[in-house]
Structures are given as C-alpha cells and as structure tokens.
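Heads up, target_21.txt below (compact mmCIF, C-alpha atoms):
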# COMPACT_ATOMS: atom_id res chain seq x y z
CA MET P 24 167.24 64.67 128.99
CA SER P 25 166.17 61.70 131.12
CA ILE P 26 162.60 60.93 132.11
CA ASN P 27 163.49 61.66 135.72
CA ALA P 28 164.52 65.19 134.75
CA ILE P 29 161.02 65.96 133.46
CA LEU P 30 158.99 67.20 136.39
CA PRO P 31 156.21 69.70 137.10
CA GLU P 32 157.42 73.30 137.07
CA ILE P 33 156.24 75.50 139.96
CA ASP P 34 156.61 79.27 139.57
CA ALA P 35 157.37 80.48 143.10
CA ALA P 36 156.71 84.07 142.06
CA ILE P 37 153.09 83.20 141.30
CA CYS P 38 152.42 80.55 143.99
CA THR P 39 150.32 81.87 146.87
CA GLY P 40 150.99 78.88 149.12
CA CYS P 41 147.30 77.95 149.32
CA GLY P 42 148.16 74.23 149.45
CA ASP P 43 145.47 73.10 146.98
CA CYS P 44 148.09 71.26 144.93
CA LEU P 45 149.25 69.33 148.00
CA SER P 46 145.71 68.02 148.48
CA ALA P 47 145.51 67.07 144.81
CA CYS P 48 148.84 65.24 144.76
CA LYS P 49 147.98 61.70 145.89
CA PRO P 50 151.58 60.39 145.90
CA GLY P 51 152.56 63.23 148.26
CA ALA P 52 155.38 64.65 146.17
CA LEU P 53 154.59 68.27 147.04
CA ALA P 54 155.16 70.22 150.24
CA LEU P 55 155.02 73.81 151.44
CA HIS P 56 158.35 75.48 152.09
CA ASP P 57 158.55 79.10 153.22
CA GLY P 58 154.92 79.56 152.20
CA LYS P 59 155.43 78.23 148.66
CA ALA P 60 154.66 74.87 147.09
CA VAL P 61 157.75 72.88 146.19
CA LEU P 62 158.37 69.48 144.67
CA ALA P 63 159.88 68.09 147.86
CA ARG P 64 159.85 64.42 146.76
CA PRO P 65 160.40 64.33 143.00
CA ASP P 66 160.99 60.59 143.28
CA LEU P 67 157.32 60.18 144.25
CA CYS P 68 155.95 62.28 141.36
CA GLU P 69 153.81 60.15 139.04
CA TYR P 70 153.23 63.00 136.58
CA ASP P 71 149.51 62.30 136.78
CA GLY P 72 148.57 65.91 135.99
CA GLN P 73 146.43 66.44 139.11
CA CYS P 74 148.42 69.36 140.54
CA GLU P 75 148.24 71.57 137.46
CA PRO P 76 144.44 72.09 137.31
CA ALA P 77 144.27 72.24 141.13
CA CYS P 78 146.32 75.43 141.22
CA PRO P 79 143.97 78.44 141.29
CA VAL P 80 146.65 80.86 140.06
CA ASP P 81 148.23 78.76 137.27
CA ALA P 82 151.58 78.52 139.02
CA ILE P 83 152.15 74.87 138.04
CA ASP P 84 152.98 73.68 134.55
CA LEU P 85 153.63 70.17 133.30
CA PRO P 86 155.66 70.07 130.10
CA TYR P 87 154.68 67.35 127.61
CA VAL P 88 156.28 66.05 124.45
CA VAL P 89 153.79 65.05 121.76
CA VAL P 90 154.60 61.82 119.94
CA LEU P 91 152.95 59.53 117.43
CA ARG P 92 152.16 56.06 118.77
CA THR P 93 154.58 54.55 116.27
CA HIS P 94 157.37 56.62 117.86
CA VAL P 95 156.73 55.72 121.51
CA GLY P 96 159.96 54.60 123.06
CA MET P 97 162.02 56.76 120.73
CA ARG P 98 161.29 60.04 122.56
CA ASP P 99 162.34 59.32 126.11
CA MET B 19 182.52 84.03 116.07
CA ASN B 20 184.63 87.10 115.33
CA GLN B 21 185.63 89.80 117.75
CA ARG B 22 182.16 91.36 117.86
CA GLY B 23 180.70 87.96 118.57
CA CYS B 24 179.19 87.88 115.09
CA PRO B 25 178.27 84.76 113.15
CA ALA B 26 180.41 83.70 110.22
CA PRO B 27 178.71 84.25 106.83
CA ALA B 28 178.46 80.45 106.48
CA LEU B 29 176.33 80.34 109.64
CA LEU B 30 174.10 83.12 108.37
CA ARG B 31 173.53 81.09 105.21
CA GLN B 32 171.78 78.52 107.38
CA VAL B 33 169.12 81.15 108.09
CA PRO B 34 166.42 80.42 105.48
CA TYR B 35 165.78 84.14 105.21
CA PHE B 36 169.35 84.75 103.98
CA ALA B 37 170.07 81.41 102.30
CA GLY B 38 169.96 82.74 98.74
CA LEU B 39 172.01 85.87 99.32
CA PRO B 40 175.42 86.25 97.65
CA GLN B 41 178.57 86.00 99.74
CA PRO B 42 179.34 89.78 99.90
CA VAL B 43 175.85 90.47 101.28
CA LEU B 44 176.23 87.72 103.87
CA ALA B 45 179.61 89.09 104.89
CA ALA B 46 178.13 92.59 105.29
CA LEU B 47 175.26 91.19 107.36
CA ALA B 48 177.63 89.18 109.54
CA ALA B 49 179.71 92.28 110.18
CA ALA B 50 176.59 94.17 111.28
CA CYS B 51 175.44 91.50 113.76
CA ILE B 52 175.59 92.13 117.49
CA GLU B 53 175.46 89.08 119.75
CA ARG B 54 172.92 88.92 122.56
CA ARG B 55 172.50 86.03 124.97
CA VAL B 56 169.25 85.63 126.89
CA SER B 57 168.22 83.27 129.67
CA ARG B 58 165.11 81.11 129.82
CA GLY B 59 162.10 83.27 130.66
CA GLN B 60 163.93 86.54 130.02
CA LEU B 61 162.03 89.33 128.28
CA ILE B 62 163.81 90.39 125.08
CA PHE B 63 161.69 93.43 124.28
CA LEU B 64 158.24 94.78 124.99
CA GLU B 65 155.42 95.65 122.64
CA GLY B 66 155.26 99.42 122.14
CA GLU B 67 158.93 100.05 122.87
CA ALA B 68 161.14 101.59 120.23
CA CYS B 69 162.40 99.09 117.64
CA THR B 70 165.64 97.44 118.71
CA GLY B 71 166.49 95.88 115.35
CA LEU B 72 166.14 92.70 113.40
CA HIS B 73 166.67 89.65 115.60
CA ILE B 74 167.99 86.32 114.31
CA VAL B 75 167.74 83.21 116.47
CA GLY B 76 171.11 81.46 116.59
CA SER B 77 170.07 78.83 119.14
CA GLY B 78 167.24 78.25 121.59
CA GLU B 79 163.50 78.97 121.42
CA ILE B 80 161.76 82.35 121.43
CA LYS B 81 158.11 83.30 121.69
CA ILE B 82 156.50 86.39 120.20
CA PHE B 83 153.37 87.30 122.10
CA LYS B 84 150.75 89.88 122.96
CA LEU B 85 149.06 90.39 126.32
CA SER B 86 145.40 91.25 126.81
CA PRO B 87 144.50 93.96 129.36
CA GLN B 88 143.62 91.07 131.72
CA GLY B 89 147.11 89.64 131.28
CA ARG B 90 146.14 86.72 129.05
CA GLU B 91 148.93 85.80 126.70
CA GLN B 92 148.46 85.10 123.00
CA ILE B 93 151.53 83.58 121.39
CA LEU B 94 151.83 84.71 117.77
CA HIS B 95 154.98 82.80 116.86
CA ARG B 96 157.26 80.26 118.44
CA LEU B 97 160.67 80.57 116.84
CA GLY B 98 163.82 78.47 116.72
CA PRO B 99 167.29 78.55 115.16
CA GLY B 100 167.35 80.29 111.80
CA ASP B 101 164.14 82.24 112.38
CA THR B 102 164.02 86.04 112.49
CA PHE B 103 161.75 88.40 114.35
CA ASN B 104 160.83 92.08 114.64
CA ASP B 105 161.10 92.47 110.86
CA VAL B 106 158.02 94.71 110.77
CA ALA B 107 159.39 97.31 113.18
CA VAL B 108 162.72 97.24 111.34
CA LEU B 109 160.96 98.08 108.09
CA ASP B 110 158.55 100.78 109.22
CA GLY B 111 160.57 102.23 112.10
CA GLY B 112 157.56 102.05 114.39
CA PRO B 113 157.43 100.52 117.86
CA ASN B 114 157.69 96.76 118.39
CA PRO B 115 154.29 95.32 117.35
CA ALA B 116 154.51 92.51 119.93
CA SER B 117 156.65 91.40 122.86
CA ALA B 118 159.39 88.75 122.74
CA ALA B 119 160.70 86.45 125.47
CA ALA B 120 163.03 83.47 125.65
CA ILE B 121 161.40 80.05 126.15
CA THR B 122 164.86 78.52 126.65
CA ASP B 123 168.35 79.96 126.99
CA ALA B 124 169.06 81.45 123.59
CA LEU B 125 171.69 83.12 121.44
CA LEU B 126 170.46 85.98 119.28
CA TRP B 127 172.09 88.10 116.63
CA VAL B 128 170.73 91.62 116.32
CA ILE B 129 171.09 93.97 113.35
CA MET B 130 170.10 97.55 114.15
CA ARG B 131 167.51 99.26 111.94
CA ASP B 132 169.89 101.87 110.52
CA GLU B 133 172.38 99.14 109.59
CA MET B 134 169.61 97.11 107.98
CA GLN B 135 168.45 100.17 106.02
CA ARG B 136 171.95 100.85 104.80
CA LEU B 137 172.47 97.23 103.74
CA ALA B 138 169.07 96.97 102.05
CA GLN B 139 169.84 100.11 100.02
CA ALA B 140 173.27 98.78 99.07
CA TYR B 141 172.01 95.28 98.21
CA PRO B 142 168.53 95.16 96.58
CA VAL B 143 168.61 91.36 96.84
CA LEU B 144 168.49 91.77 100.63
CA ALA B 145 165.54 94.16 100.34
CA TRP B 146 163.71 91.48 98.34
CA ALA B 147 164.52 88.83 100.98
CA LEU B 148 162.99 91.16 103.58
CA ILE B 149 159.84 91.58 101.49
CA GLU B 150 159.52 87.80 101.11
CA SER B 151 159.93 87.35 104.84
CA ILE B 152 157.20 89.88 105.57
CA ALA B 153 154.93 88.16 103.02
CA ARG B 154 155.44 84.79 104.77
CA ARG B 155 154.64 86.42 108.09
CA ALA B 156 151.46 87.94 106.65
CA ARG B 157 150.38 84.48 105.42
CA HIS B 158 150.99 83.05 108.90
CA LEU B 159 148.92 85.80 110.52
CA VAL B 160 146.06 85.38 108.02
CA ALA B 161 146.02 81.64 108.82
CA MET B 162 146.00 82.48 112.53
CA VAL B 163 143.03 84.85 112.12
CA GLU B 164 141.19 82.09 110.24
CA ASP B 165 142.04 79.63 113.02
CA LEU B 166 140.88 81.91 115.82
CA SER B 167 137.67 82.99 114.13
CA LEU B 168 136.55 79.87 112.29
CA ARG B 169 137.88 76.81 114.11
CA SER B 170 136.90 75.32 117.45
CA VAL B 171 139.42 74.99 120.28
CA LYS B 172 139.38 71.22 119.77
CA SER B 173 140.19 71.57 116.07
CA ARG B 174 142.97 74.08 116.79
CA LEU B 175 144.33 71.81 119.49
CA ALA B 176 144.36 68.84 117.08
CA ARG B 177 146.44 70.91 114.68
CA LEU B 178 148.83 71.94 117.43
CA LEU B 179 149.29 68.34 118.59
CA LEU B 180 149.97 67.11 115.06
CA ASN B 181 152.44 69.95 114.45
CA GLU B 182 154.19 69.34 117.76
CA ALA B 183 154.53 65.62 117.01
CA GLU B 184 156.05 66.45 113.64
CA ARG B 185 158.41 68.99 115.24
CA ALA B 186 159.53 66.57 117.95
CA ASP B 187 160.03 63.87 115.33
CA LYS B 188 162.47 66.08 113.42
CA ALA B 189 164.37 67.18 116.52
CA GLY B 190 167.28 65.39 118.07
CA GLU B 191 167.59 64.41 121.71
CA LEU B 192 164.61 65.42 123.83
CA ASP B 193 164.99 68.77 125.59
CA ARG B 194 162.62 71.27 127.17
CA SER B 195 162.29 73.28 123.95
CA GLN B 196 160.43 70.35 122.35
CA MET B 197 157.93 70.21 125.17
CA VAL B 198 154.74 72.18 125.62
CA THR B 199 152.58 72.86 128.68
CA GLN B 200 148.82 73.30 128.74
CA SER B 201 149.35 77.00 129.53
CA GLU B 202 151.55 77.35 126.44
CA MET B 203 148.96 75.52 124.34
CA ALA B 204 146.30 77.95 125.61
CA ALA B 205 148.48 80.96 124.84
CA ARG B 206 149.14 79.73 121.33
CA LEU B 207 145.51 78.89 120.61
CA GLY B 208 143.92 82.04 121.99
CA THR B 209 142.07 80.37 124.84
CA VAL B 210 142.45 79.54 128.53
CA ARG B 211 144.03 76.48 130.13
CA GLU B 212 140.72 75.09 131.38
CA MET B 213 139.49 74.87 127.77
CA ILE B 214 142.69 73.08 126.75
CA GLY B 215 142.29 70.62 129.62
CA ARG B 216 138.71 69.93 128.60
CA ALA B 217 139.61 69.47 124.92
CA LEU B 218 142.50 67.15 125.79
CA ARG B 219 140.19 65.04 127.95
CA GLU B 220 137.67 64.86 125.08
CA LEU B 221 140.38 63.68 122.68
CA ALA B 222 141.53 61.12 125.25
CA ASP B 223 137.94 59.90 125.82
CA GLU B 224 137.64 59.41 122.05
CA ASN B 225 140.87 57.34 122.12
CA LEU B 226 142.64 59.74 119.76
CA ILE B 227 145.36 60.52 122.31
CA GLU B 228 146.56 59.20 125.65
CA PHE B 229 148.69 60.59 128.45
CA ASP B 230 151.77 58.55 129.28
CA ARG B 231 153.64 60.42 132.00
CA HIS B 232 155.37 63.32 130.21
CA ARG B 233 154.13 62.20 126.80
CA ILE B 234 150.94 62.94 124.94
CA VAL B 235 150.73 59.99 122.57
CA ILE B 236 148.73 60.37 119.36
CA LEU B 237 146.94 57.02 119.04
CA ASN B 238 144.98 57.73 115.88
CA GLN B 239 146.67 60.21 113.57
CA GLU B 240 144.02 59.89 110.86
CA ALA B 241 141.13 60.62 113.20
CA LEU B 242 143.01 63.50 114.82
CA THR B 243 143.67 64.94 111.36
CA ALA B 244 139.92 64.76 110.68
CA VAL B 245 139.27 66.71 113.91
CA ARG B 246 141.87 69.27 112.78
CA ASP B 247 140.09 69.65 109.45
CA GLY B 248 136.70 69.99 111.15
CA MET B 249 135.35 66.82 109.54

Please rewrite the model in this file as structure tokens.
Amino acid sequence: MSINAILPEIDAAICTGCGDCLSACKPGALALHDGKAVLARPDLCEYDGQCEPACPVDAIDLPYVVVLRTHVGMRD
Amino acid sequence: MNQRGCPAPALLRQVPYFAGLPQPVLAALAAACIERRVSRGQLIFLEGEACTGLHIVGSGEIKIFKLSPQGREQILHRLGPGDTFNDVAVLDGGPNPASAAAITDALLWVIMRDEMQRLAQAYPVLAWALIESIARRARHLVAMVEDLSLRSVKSRLARLLLNEAERADKAGELDRSQMVTQSEMAARLGTVREMIGRALRELADENLIEFDRHRIVILNQEALTAVRDGM
C-alpha cells in the first residue's frame, strides 16, 4: 500500500453535504458533488487531520498506522 | 480448499484454538466448516439474533461490538486470522451476545452449533479447547471492565497506541487492516471521538507522540508506557 493510497475516508451515506469540511481543508482537496463531500483533489491532500473534527456527523475518518520512532521509514 | 470450501486440517492447526488437537479431530472440524466470504463493512450477524455457529477468521479483520441505544459503538474485540468468535452463543445456545462486522474483506469458516455439539461430545479434547477459549475471553473482558472503570481515556489510549505499534511491527506490508481511525479508537476505548482527539493532542503536546501524515509516531515509548500504567 503506497502513501498516496492512504487518504481520508468519507462515508457518503452519513455525509449531509453541509460543507464544513471544505472550509476546514486549507489545501482545497475537498469538494461537494451531488450534495456530498468528496475528495476531489487527492493530490492536494496533506493529511493534516483538519477535516475529520470539522465534520459534525462523523462522516470522515483518517486511518493512521502507529509506529515507534525507531521504525519510521519502515512502515510506509 | 475441498469441495465444501473447507480448510485443510493443516490450516486449522494454525488456529491457536485448535493447535493442540489430534489429527482426527482436526479432520472432523475441517469437514464441518462452511466457508463464508464477507466484504469490508459488511455485517456478519447482529446481537440478539439466533446463534449462527462458531466463526473462525481465515483472513481479514473482524470487529465484535455492541451499540448503545444512542448508537455509540463499543468494540469488544478486534480479530484477525486464526481467531474465533461467537463461542459463547455456540456453547449456551442463546442469542448472539454481540454483533460482528468485517473491518476488511474477510474469509470466515463457520461451524454450526449442532455440529460443534456433536464433535465436542465425540472428542472431549475439543470440549476442553472450547473451555480454554471461553476462559481466555473471560480474562479479556475482565481486563476491559477494569480499563473502562479504573483508567482514564488518556491511559487507555496510551495502551492502545503501544499495542497498535506492536501489532503493526509484527505485520507484513502495510494495509488498511493495520490502520486505525480516531472513531475506531473511540469505539474500542468506550468513549467519543472528541475525547480521543483531545487525548491525542495532549500526548503530542507532551512530545510523547507526533503526527506524520498517516502515521502516529511514538516518540517516547518509556513515557507513554508510564501514562499507560497511570504513573
């Protein structure tokens, strides 16, 4: 699994399309499509974790892998 | 796999639960297995439904969970290859005590309760393996009760992070099953995501962890262990 494949996960079934995550996403990776938030520009995503707490209905999740400092670089 | 899609006895031996069983018992178990494939996010069974049998995880990740009336999820177990679940309902014949869903695509082997009863009566060594499995589960649940009632969210989170780092260290190439979201952390620790976010920020402010894109890096394992132990 490459780093580029690890992106925020948006549950369209939960998303209400309020747009709060778009305001929180400074790089502008998110957009509304058919009334739902989508990761329209994954190449811009900095994985800064701002979208997840901005969502009032918990529709966005960022998966993390937990590593020891000594193992950084081995778990990409 | 044979014609019923069952695991070979050698594969069943890789299940810690069955590892010590003699070959004839493993062969009988393998013959009783029914294959079930589930997709990521798919519900496997619901709490309160009639028991559907003993489930063995062949591949993938499964969560066992309960839902509060408000819909808050508490994950009781996160299971991987070689783990079993729904042992309790198989033994007492009652409804499923919790719900199960697939975290990733998964392959399961299911042994129906009546088959399990027949095999346990025929092979007392299997009955003893079942008892040991239930005892291990009871220990896990007692530890969870202690965690939820006596430890702070921060201390529980420190334990989770250390366990996850150890789990990821043992795993092979990185895949989604080795990753955890703040919502999943909250569901496993009996709290809400906001509390997890706050506790993670506290740990980061104390320089015990740092966020590096998709990684939570443990900077000071010793200090994080002290937080885990409430010291």

Can you write out as a Markdown table which residues of chain B fall within 10 Å of chain P, alongside each residue's closest atom pair and its distance in Å to one decimal, counting all atoms listed in the file and ordering rows by chain and ascending residue number?
| residue | atom | partner | partner_atom | distance |
| --- | --- | --- | --- | --- |
| B:Leu178 | CA | P:Val89 | CA | 9.5 |
| B:Leu179 | CA | P:Val89 | CA | 6.4 |
| B:Leu180 | CA | P:Val89 | CA | 8.0 |
| B:Asn181 | CA | P:Val89 | CA | 8.9 |
| B:Glu182 | CA | P:Val89 | CA | 5.9 |
| B:Ala183 | CA | P:Val90 | CA | 4.8 |
| B:Glu184 | CA | P:Val90 | CA | 8.0 |
| B:Arg185 | CA | P:Val89 | CA | 8.9 |
| B:Ala186 | CA | P:Val89 | CA | 7.1 |
| B:Asp187 | CA | P:Val90 | CA | 7.4 |
| B:Ala189 | CA | P:Arg98 | CA | 9.8 |
| B:Gly190 | CA | P:Arg98 | CA | 9.2 |
| B:Glu191 | CA | P:Met24 | CA | 7.3 |
| B:Leu192 | CA | P:Met24 | CA | 5.8 |
| B:Asp193 | CA | P:Met24 | CA | 5.8 |
| B:Arg194 | CA | P:Pro86 | CA | 7.6 |
| B:Ser195 | CA | P:Val88 | CA | 9.4 |
| B:Gln196 | CA | P:Val88 | CA | 6.3 |
| B:Met197 | CA | P:Val88 | CA | 4.5 |
| B:Val198 | CA | P:Pro86 | CA | 5.0 |
| B:Thr199 | CA | P:Pro86 | CA | 4.4 |
| B:Gln200 | CA | P:Asp84 | CA | 7.2 |
| B:Ser201 | CA | P:Asp84 | CA | 7.0 |
| B:Glu202 | CA | P:Asp84 | CA | 9.0 |
| B:Arg211 | CA | P:Pro76 | CA | 8.4 |
| B:Glu212 | CA | P:Pro76 | CA | 7.6 |
| B:Gly215 | CA | P:Pro76 | CA | 8.1 |
| B:Ile227 | CA | P:Arg92 | CA | 8.9 |
| B:Glu228 | CA | P:Arg92 | CA | 9.4 |
| B:Phe229 | CA | P:Asp71 | CA | 8.5 |
| B:Asp230 | CA | P:Tyr70 | CA | 8.7 |
| B:Arg231 | CA | P:Tyr70 | CA | 5.3 |
| B:His232 | CA | P:Tyr87 | CA | 4.8 |
| B:Arg233 | CA | P:Val88 | CA | 5.0 |
| B:Ile234 | CA | P:Val89 | CA | 4.8 |
| B:Val235 | CA | P:Val90 | CA | 5.0 |
| B:Ile236 | CA | P:Leu91 | CA | 4.7 |
| B:Leu237 | CA | P:Arg92 | CA | 5.3 |
| B:Asn238 | CA | P:Arg92 | CA | 7.9 |
| B:Gln239 | CA | P:Leu91 | CA | 7.4 |

Report task. Neighbourhood query: residues within 9 Å of (155.4, 76.3, 150.5), file coordinates, counting all atoms listed in the file; return as a ChimeraX atom specification. Result -> /P:35,38-42,53-61

Requested write-out: C-alpha atoms of the selected residues, as an mmCIF file, keeping the file's coordinate frame:
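Dumped everything to result_9.cif:
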data_model
loop_
_atom_site.group_PDB
_atom_site.id
_atom_site.type_symbol
_atom_site.label_atom_id
_atom_site.label_comp_id
_atom_site.auth_asym_id
_atom_site.auth_seq_id
_atom_site.Cartn_x
_atom_site.Cartn_y
_atom_site.Cartn_z
ATOM 1 C CA ALA P 35 157.370 80.480 143.100
ATOM 2 C CA CYS P 38 152.420 80.550 143.990
ATOM 3 C CA THR P 39 150.320 81.870 146.870
ATOM 4 C CA GLY P 40 150.990 78.880 149.120
ATOM 5 C CA CYS P 41 147.300 77.950 149.320
ATOM 6 C CA GLY P 42 148.160 74.230 149.450
ATOM 7 C CA LEU P 53 154.590 68.270 147.040
ATOM 8 C CA ALA P 54 155.160 70.220 150.240
ATOM 9 C CA LEU P 55 155.020 73.810 151.440
ATOM 10 C CA HIS P 56 158.350 75.480 152.090
ATOM 11 C CA ASP P 57 158.550 79.100 153.220
ATOM 12 C CA GLY P 58 154.920 79.560 152.200
ATOM 13 C CA LYS P 59 155.430 78.230 148.660
ATOM 14 C CA ALA P 60 154.660 74.870 147.090
ATOM 15 C CA VAL P 61 157.750 72.880 146.190
#

**Report entry** CA of Ala147 (chain B) to CA of Asp165 (chain B), straight-line distance in Å
**Finding:** 27.1 Å

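If you count all atoms listed in the file and ignore residues fewer than 5 places along the chain from region 116-125 of chain B, what sits within 8 Å of it is Glu53, Arg54, Arg55, Val56, Ser57, Arg58, Gly59, Gln60, Leu61, Ile62, Phe63, Leu64, Glu65, Gly66, Val75, Gly76, Ser77, Gly78, Glu79, Ile80, Lys81, Ile82, Phe83, Lys84, Arg194 and Ser195 of chain B.
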
Quick one: write out the picked residues with C-alpha atoms as a PDB file, keeping the file's coordinate frame?
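Produced file out10.pdb, reproduced below:
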ATOM      1  CA  GLU B  53     175.460  89.080 119.750  1.00  0.00           C
ATOM      2  CA  ARG B  54     172.920  88.920 122.560  1.00  0.00           C
ATOM      3  CA  ARG B  55     172.500  86.030 124.970  1.00  0.00           C
ATOM      4  CA  VAL B  56     169.250  85.630 126.890  1.00  0.00           C
ATOM      5  CA  SER B  57     168.220  83.270 129.670  1.00  0.00           C
ATOM      6  CA  ARG B  58     165.110  81.110 129.820  1.00  0.00           C
ATOM      7  CA  GLY B  59     162.100  83.270 130.660  1.00  0.00           C
ATOM      8  CA  GLN B  60     163.930  86.540 130.020  1.00  0.00           C
ATOM      9  CA  LEU B  61     162.030  89.330 128.280  1.00  0.00           C
ATOM     10  CA  ILE B  62     163.810  90.390 125.080  1.00  0.00           C
ATOM     11  CA  PHE B  63     161.690  93.430 124.280  1.00  0.00           C
ATOM     12  CA  LEU B  64     158.240  94.780 124.990  1.00  0.00           C
ATOM     13  CA  GLU B  65     155.420  95.650 122.640  1.00  0.00           C
ATOM     14  CA  GLY B  66     155.260  99.420 122.140  1.00  0.00           C
ATOM     15  CA  VAL B  75     167.740  83.210 116.470  1.00  0.00           C
ATOM     16  CA  GLY B  76     171.110  81.460 116.590  1.00  0.00           C
ATOM     17  CA  SER B  77     170.070  78.830 119.140  1.00  0.00           C
ATOM     18  CA  GLY B  78     167.240  78.250 121.590  1.00  0.00           C
ATOM     19  CA  GLU B  79     163.500  78.970 121.420  1.00  0.00           C
ATOM     20  CA  ILE B  80     161.760  82.350 121.430  1.00  0.00           C
ATOM     21  CA  LYS B  81     158.110  83.300 121.690  1.00  0.00           C
ATOM     22  CA  ILE B  82     156.500  86.390 120.200  1.00  0.00           C
ATOM     23  CA  PHE B  83     153.370  87.300 122.100  1.00  0.00           C
ATOM     24  CA  LYS B  84     150.750  89.880 122.960  1.00  0.00           C
ATOM     25  CA  ARG B 194     162.620  71.270 127.170  1.00  0.00           C
ATOM     26  CA  SER B 195     162.290  73.280 123.950  1.00  0.00           C
TER      27      SER B 195
END

Query raised in the report: What gap, in Å, lies between CA of Leu148 (chain B) and CA of Met162 (chain B)?
Result: 21.1 Å

Report summary line: Residue with the minimum atom-to-atom distance to Lys49 (chain P), picked from P:Cys78, P:Ile37, P:Leu67, P:Leu62 with only C-alpha atoms counted, is P:Leu67

Query raised in the report: Which one of B:Leu126, B:Leu94, B:Ala205, B:Ala48 sits closest to Leu159 (chain B) if you count all atoms listed in the file?
Result: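 Ranked by minimum distance to Leu159 (chain B), first place goes to B:Leu94.
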
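For the atom pair formed by CA of Ala49 (chain B) and CA of Asp110 (chain B), the distance is 22.8 Å, given to one decimal.
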
First collect every listed atom of region 64-79 of chain P; then fit an axis-aligned box around them, widen it by 8 Å on each side, and give centre and edge lengths in Å to one decimal, as AutoDock Vina command-line options.
--center_x 152.5 --center_y 69.3 --center_z 141.4 --size_x 33.0 --size_y 34.3 --size_z 26.8

Completed region 31-46 of chain P (N, CA and C atoms) as a PDB file, keeping the file's coordinate frame:
ATOM      1  N   PRO P  31     157.037  68.493 137.085  1.00  0.00           N
ATOM      2  CA  PRO P  31     156.210  69.700 137.100  1.00  0.00           C
ATOM      3  C   PRO P  31     157.053  70.929 137.445  1.00  0.00           C
ATOM      4  N   GLU P  32     156.704  72.055 136.824  1.00  0.00           N
ATOM      5  CA  GLU P  32     157.420  73.300 137.070  1.00  0.00           C
ATOM      6  C   GLU P  32     156.528  74.214 137.918  1.00  0.00           C
ATOM      7  N   ILE P  33     157.023  74.636 139.062  1.00  0.00           N
ATOM      8  CA  ILE P  33     156.240  75.500 139.960  1.00  0.00           C
ATOM      9  C   ILE P  33     156.875  76.885 139.970  1.00  0.00           C
ATOM     10  N   ASP P  34     156.096  77.897 139.593  1.00  0.00           N
ATOM     11  CA  ASP P  34     156.610  79.270 139.570  1.00  0.00           C
ATOM     12  C   ASP P  34     156.388  79.880 140.965  1.00  0.00           C
ATOM     13  N   ALA P  35     157.472  79.983 141.716  1.00  0.00           N
ATOM     14  CA  ALA P  35     157.370  80.480 143.100  1.00  0.00           C
ATOM     15  C   ALA P  35     156.894  81.925 143.149  1.00  0.00           C
ATOM     16  N   ALA P  36     157.137  82.666 142.071  1.00  0.00           N
ATOM     17  CA  ALA P  36     156.710  84.070 142.060  1.00  0.00           C
ATOM     18  C   ALA P  36     155.194  84.193 141.985  1.00  0.00           C
ATOM     19  N   ILE P  37     154.547  83.157 141.447  1.00  0.00           N
ATOM     20  CA  ILE P  37     153.090  83.200 141.300  1.00  0.00           C
ATOM     21  C   ILE P  37     152.397  82.472 142.454  1.00  0.00           C
ATOM     22  N   CYS P  38     153.023  81.409 142.950  1.00  0.00           N
ATOM     23  CA  CYS P  38     152.420  80.550 143.990  1.00  0.00           C
ATOM     24  C   CYS P  38     152.035  81.384 145.219  1.00  0.00           C
ATOM     25  N   THR P  39     150.797  81.149 145.685  1.00  0.00           N
ATOM     26  CA  THR P  39     150.320  81.870 146.870  1.00  0.00           C
ATOM     27  C   THR P  39     150.426  81.021 148.130  1.00  0.00           C
ATOM     28  N   GLY P  40     150.844  79.756 147.960  1.00  0.00           N
ATOM     29  CA  GLY P  40     150.990  78.880 149.120  1.00  0.00           C
ATOM     30  C   GLY P  40     149.664  78.401 149.677  1.00  0.00           C
ATOM     31  N   CYS P  41     148.625  78.336 148.821  1.00  0.00           N
ATOM     32  CA  CYS P  41     147.300  77.950 149.320  1.00  0.00           C
ATOM     33  C   CYS P  41     147.246  76.461 149.700  1.00  0.00           C
ATOM     34  N   GLY P  42     148.105  75.648 149.097  1.00  0.00           N
ATOM     35  CA  GLY P  42     148.160  74.230 149.450  1.00  0.00           C
ATOM     36  C   GLY P  42     147.194  73.347 148.686  1.00  0.00           C
ATOM     37  N   ASP P  43     146.433  73.919 147.740  1.00  0.00           N
ATOM     38  CA  ASP P  43     145.470  73.100 146.980  1.00  0.00           C
ATOM     39  C   ASP P  43     146.173  71.986 146.208  1.00  0.00           C
ATOM     40  N   CYS P  44     147.369  72.272 145.722  1.00  0.00           N
ATOM     41  CA  CYS P  44     148.090  71.260 144.930  1.00  0.00           C
ATOM     42  C   CYS P  44     148.533  70.097 145.824  1.00  0.00           C
ATOM     43  N   LEU P  45     148.833  70.401 147.086  1.00  0.00           N
ATOM     44  CA  LEU P  45     149.250  69.330 148.000  1.00  0.00           C
ATOM     45  C   LEU P  45     148.106  68.343 148.205  1.00  0.00           C
ATOM     46  N   SER P  46     146.877  68.891 148.306  1.00  0.00           N
ATOM     47  CA  SER P  46     145.710  68.020 148.480  1.00  0.00           C
ATOM     48  C   SER P  46     145.481  67.188 147.231  1.00  0.00           C
TER      49      SER P  46
END
